[in-house]
Amino acid sequence: MKRLLVTLFFILVASNSLAHDMTPTYPELKPSYMEGLLVADFELLNKRNDVRYYEVAVFDKDWNPIPFVTAYKVIPVPYLSTVSVDLFIRDKDKLIVTYICSKSKLRKSYETQTIISSRICSKVKRLGE
Amino acid sequence: MIKNPLLIIIFSIFTFSAFAEDVPIEGTVQSRCIITTDTPGVFGNPNAYTLTTAATDGGVLPVVRYDVTLADAYYAQITTPTSFSSSPTISETITWTGSTEVDAISDATGMASYETNKVTFGQTTQYDLTATGSTWFKSSVSATMGGNKAFPGGTYTAIVEAVCVAQ
């Protein structure tokens with residue numbers, strides 16, 4: 001009976017999975033193929049069937065935005081897909097870049113409800129840290 | 001009917017020499033924080049001038065789950081709304097109240113202090129995720145129309161923001 005309940009629990013949890021996942025926790029800045037730019041790469045996994053797009057942003061330690069370049073600022077991530085993202089920042093910003101964040105972009109709903117927006121912020125790992 | 005013995009030998013060789021191939025399954029375990037929408041909340045409408053997620057008023061509390069695989073590496077920040085993301089036109093001021101608390105934990109020992117150690121600033125509640133595993137957080141949200149006037153008919157949506165920040 002206990003085993004049945006445990007199995008049922010995991011089935012229910014799995015079937016209700018609406019998850020936003022971003023790795024790694026501590027991305028590294030590496031030299032890129034373009035002079036004056038550093039690159040950090042990370043992966044987004046979309047297990048939210050209510051979300052198709054994620055917005056990327058970069059901040060310093062005080063949450064001030066820092067300019068960056070990605071192929072798309074709002075990245076399409078199909079449901080149950082993983083997308084690798086290369087994010088470029090200027091070499092002169094390498095000492096102040098602290099957080100790289102991805103945020104779910106929600107569509108307008110037609111129901112009277114509260115929707116949950118998710119945002120995951122990785123912390124940039126610098127050489128020597 | 002195969003008459004040539006050479007052909008028989010060739011077929012035999014191809015039939016019995018099974019091409020065994022190992023199919024690798026690879027995976028990498030990385031530290032991560034996963035935010036899962038466990039229950040999207042629903043507003044109940046106990047009277048004309050209140051929308052609330054309280055179950056006693058016909059609402060459903062939004063529940064979000066955090067899964068972390070590395071202890072002491074993340075903060076969970078949950079912010080309750082202070083405006084509707086979509087609603088009919090409202091001219092009156094709306095008073096918002098919101099709070100967040102731990103709903104369930106996967107590690108009764110390591111996560112027991114989450115609720116007592118939480119920090120609240122404004123509409124945001126922050127938890128230090130000091131243990132690995134899953135934690136469910138539930139938020140209570142209430143919107144009250146100023147002057148006890150009625151909410152216009154229509155659909156109302158508000159957004160709870162769940163953030164996971166690496167330390």
# chains A, B, ... in the order shown; residues from 1 in each chain; ligands from 1

call {"tool": "interface_residues", "arguments": {"of": "chain A", "to": "chain B", "cutoff": "6 Å", "atoms": "only C-alpha atoms", "output": "mmCIF file with C-alpha atoms, in the first residue's frame"}}
result
data_model
loop_
_atom_site.group_PDB
_atom_site.id
_atom_site.type_symbol
_atom_site.label_atom_id
_atom_site.label_comp_id
_atom_site.auth_asym_id
_atom_site.auth_seq_id
_atom_site.Cartn_x
_atom_site.Cartn_y
_atom_site.Cartn_z
ATOM 1 C CA LEU A 18 5.432 22.877 -15.141
ATOM 2 C CA ALA A 19 9.050 23.668 -14.557
ATOM 3 C CA HIS A 20 11.569 26.291 -15.561
ATOM 4 C CA ASP A 21 15.182 25.188 -15.384
ATOM 5 C CA THR A 25 24.276 27.864 -11.495
ATOM 6 C CA GLU A 111 -9.511 33.249 -16.552
ATOM 7 C CA THR A 112 -9.817 34.957 -13.207
ATOM 8 C CA GLN A 113 -6.638 33.691 -11.636
ATOM 9 C CA THR A 114 -3.158 34.375 -10.396
ATOM 10 C CA ILE A 115 -0.430 33.236 -12.724
ATOM 11 C CA ILE A 116 3.062 32.354 -11.576
ATOM 12 C CA SER A 117 5.943 34.025 -13.335
ATOM 13 C CA SER A 118 9.302 32.322 -12.861
ATOM 14 C CA ARG A 119 12.746 33.853 -12.964
ATOM 15 C CA ILE A 120 16.053 32.070 -12.381
ATOM 16 C CA CYS A 121 19.268 33.991 -11.927
ATOM 17 C CA SER A 122 22.670 32.365 -12.239
ATOM 18 C CA LYS A 123 25.698 34.034 -10.726
#

call {"tool": "residues_around", "arguments": {"residues": "Ala57 of chain A", "least_positions_apart": "3", "cutoff": "8 Å", "atoms": "only C-alpha atoms", "output": "list in words"}}
result
Pro65, Ile66, Phe68, Lys73, Ile100, Cys101 and Ser102 of chain A

call {"tool": "atom_distance", "arguments": {"atom1": "atom CA of Tyr114 of chain B", "atom2": "atom CA of Trp136 of chain B"}}
result
11.0 Å

call {"tool": "atom_distance", "arguments": {"atom1": "atom CA of Arg52 of chain A", "atom2": "atom CA of Leu80 of chain A"}}
result
10.0 Å

call {"tool": "residues_around", "arguments": {"residues": "Val77 of chain A", "least_positions_apart": "3", "cutoff": "8 Å", "atoms": "only C-alpha atoms", "output": "ChimeraX atom specification"}}
result
/A:44-46,52-54,81-83

call {"tool": "write_last_selection", "arguments": {"atoms": "C-alpha atoms", "output": "PDB file, in the first residue's frame"}}
result
ATOM      1  CA  LEU A  44      17.251  26.727 -20.658  1.00  0.00           C
ATOM      2  CA  LEU A  45      14.861  23.829 -20.222  1.00  0.00           C
ATOM      3  CA  ASN A  46      11.187  24.588 -20.633  1.00  0.00           C
ATOM      4  CA  ARG A  52       6.930  29.476 -24.949  1.00  0.00           C
ATOM      5  CA  TYR A  53       9.373  32.346 -24.500  1.00  0.00           C
ATOM      6  CA  TYR A  54      11.968  33.352 -21.934  1.00  0.00           C
ATOM      7  CA  SER A  81      12.947  21.495 -25.149  1.00  0.00           C
ATOM      8  CA  THR A  82      16.397  22.585 -24.101  1.00  0.00           C
ATOM      9  CA  VAL A  83      17.987  25.579 -25.756  1.00  0.00           C
TER      10      VAL A  83
END

call {"tool": "closest_residue", "arguments": {"among": "B:Asp72, B:Glu21, B:Glu92, B:Glu26", "to": "Phe151 of chain B", "atoms": "only C-alpha atoms"}}
result
B:Glu92

call {"tool": "select_by_dssp", "arguments": {"residues": "chain B", "states": "strand (DSSP E or B)", "output": "ChimeraX atom specification"}}
result
/B:33-39,41-42,44-47,50-52,60,63-68,74-79,86,94-105,119-121,124-129,133-145,157-166
